[in-house]
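Below is one structure, written out as structure tokens; comments come after it.
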Amino acid sequence: MAEAGADLYLVLLHHPVLDKNGQIVTTSLTNMDIHDIARSARTYGVRGFYVAHPVKALHALAAKIMEHWETGYGSTYNATRKEALSLVRLERDLDGTLLAIEHATGMRPRVVVTSARGGPRRTTFAALRAQIEQATEPHLIVLGTGWGLSSEVTERADVILEPVCGPTDYNHLSVRSAAAIILDRLRGAR
Ligand code: SAM
């Protein structure tokens, strides 16, 4: 089934994100984040999954993880994982990601930020799904780590997506779980 509408991209930011005290920090790369979100990205027809980290040395670590699955032993015993990880691209930050997508598509993507917190200016999943289906410009879904995206990022958003909420007041999803639910609400079969 071909994906309807605009191309979707994901970026997982490791800076600037918040720590539990609301301070701006840089988080470390998590192998599981890369794998799980890449599998969700492949499932929902995302064009590219950017892992953005400012520390160049950690790009080498991420590249090593991907190399294992793309050409190393992993690529033979689990070809499906290789297919998912082929969507992963490394960048240093949001600006680098925006430039890379603009270079690939010829259009600057709409920036969609995500958060577990509600608030003003939120766009519903249904509204964004309809916008994506009718749009031509690519849409970049921005995922955070740590305790969430800093205001420096959310202030740059074209769209602030409403939070994924359950029926309880407990809302502490991992970014991996949130990414899968968000993609299904935006692109899942109906
Ligand atoms: N309290 C943080 C917040 O409000 O974003 C949760 C941080 S969570 C560990 C890391 C990332 O997962 C968030 O930056 C967001 O991208 C995503 N995320 C987590 N829970 C979410 C939710 N309920 N709705 C939407 N995105 C969520």
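Every chain in the structure tokens has a letter given in the order shown (A, B, ...), and although residue numbers restart at 1 in each chain, ligands are simply numbered from 1 in the order shown.
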Using only C-alpha atoms, tabulate the residues of stretch 10-124 of chain A lying at most 7 Å from any atom of stretch 175-186 of chain A, each with its closest atom pair and that distance in Å to one decimal, by chain and increasing residue number, as a Markdown table.
| residue | atom | partner | partner_atom | distance |
| --- | --- | --- | --- | --- |
| A:Asp33 | CA | A:Arg176 | CA | 6.0 |
| A:Asp36 | CA | A:Arg176 | CA | 6.2 |
| A:Ile37 | CA | A:Arg176 | CA | 5.8 |
| A:Ser40 | CA | A:Ala180 | CA | 5.7 |
| A:Tyr44 | CA | A:Leu183 | CA | 6.5 |
Using DSSP on the backbone coordinates, identify all residues within chain A classified as strand (DSSP E); present the result as a ChimeraX atom specification. /A:8-13,17-18,24-25,48-52,88-91,110-113,122-123,139-143,159-161
Would you name the residues within 7 Å of ligand 1, counting only C-alpha atoms and all ligand atoms, and put them as a ChimeraX atom specification? /A:114-117,142-149,162-165,171-175,178-179
With N, CA and C atoms retained, write the just-selected residues as a compact mmCIF listing (two decimals), in the first residue's frame.
# COMPACT_ATOMS: atom_id res chain seq x y z
N THR A 114 6.98 16.89 19.12
CA THR A 114 6.15 15.99 19.93
C THR A 114 6.49 16.17 21.40
N SER A 115 5.53 15.88 22.24
CA SER A 115 5.76 15.99 23.69
C SER A 115 4.64 15.26 24.42
N ALA A 116 4.97 14.82 25.63
CA ALA A 116 3.94 14.17 26.47
C ALA A 116 3.06 15.23 27.13
N ARG A 117 3.51 16.50 27.03
CA ARG A 117 2.77 17.57 27.72
C ARG A 117 1.77 18.23 26.78
N VAL A 142 9.70 15.44 15.02
CA VAL A 142 10.86 15.60 15.91
C VAL A 142 10.57 14.89 17.23
N LEU A 143 11.41 13.93 17.56
CA LEU A 143 11.30 13.17 18.81
C LEU A 143 12.44 13.58 19.73
N GLY A 144 12.16 13.62 21.02
CA GLY A 144 13.22 14.00 21.97
C GLY A 144 13.71 12.79 22.75
N THR A 145 14.67 13.06 23.63
CA THR A 145 15.16 12.04 24.57
C THR A 145 15.18 12.72 25.94
N GLY A 146 15.69 12.02 26.91
CA GLY A 146 15.72 12.65 28.25
C GLY A 146 14.31 12.94 28.74
N TRP A 147 14.13 14.16 29.24
CA TRP A 147 12.80 14.57 29.72
C TRP A 147 12.09 15.44 28.69
N GLY A 148 12.50 15.30 27.44
CA GLY A 148 11.75 15.99 26.40
C GLY A 148 12.53 17.10 25.70
N LEU A 149 11.94 17.64 24.65
CA LEU A 149 12.58 18.66 23.82
C LEU A 149 12.63 20.00 24.56
N GLU A 162 -0.40 17.10 19.48
CA GLU A 162 -1.00 16.80 20.79
C GLU A 162 -0.32 15.57 21.39
N PRO A 163 -0.29 15.41 22.69
CA PRO A 163 0.37 14.24 23.28
C PRO A 163 -0.43 12.97 23.07
N VAL A 164 0.29 11.85 23.04
CA VAL A 164 -0.38 10.55 23.12
C VAL A 164 -0.85 10.41 24.57
N CYS A 165 -2.11 10.15 24.76
CA CYS A 165 -2.63 10.01 26.13
C CYS A 165 -3.42 8.72 26.27
N ASN A 171 1.64 9.27 32.37
CA ASN A 171 2.05 9.47 30.98
C ASN A 171 3.57 9.53 30.89
N HIS A 172 4.19 8.35 30.88
CA HIS A 172 5.67 8.30 30.84
C HIS A 172 6.10 7.26 29.82
N LEU A 173 5.66 7.44 28.60
CA LEU A 173 6.04 6.51 27.53
C LEU A 173 7.51 6.67 27.16
N SER A 174 8.11 5.59 26.70
CA SER A 174 9.47 5.73 26.14
C SER A 174 9.32 6.39 24.77
N VAL A 175 10.40 6.96 24.29
CA VAL A 175 10.34 7.58 22.95
C VAL A 175 10.06 6.52 21.90
N ALA A 178 6.27 5.90 22.04
CA ALA A 178 5.56 7.09 21.53
C ALA A 178 5.70 7.18 20.02
N ALA A 179 6.89 6.91 19.51
CA ALA A 179 7.12 7.00 18.06
C ALA A 179 6.20 6.04 17.31
Calculated over only C-alpha atoms, which of the candidates A:Ala104, A:Ala6, A:Ile141, A:Val17 has the smallest distance to A:Ala41? A:Ile141
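Here the residues within stretch 95-135 of chain A that DSSP labels helix (DSSP H, G or I) on the basis of the backbone are Asp95, Gly96, Thr97, Leu98, Leu99, Ala100, Ile101, Glu102, His103, Ala104, Thr105, Phe125, Ala126, Ala127, Leu128, Arg129, Ala130, Gln131, Ile132, Glu133 and Gln134 of chain A.
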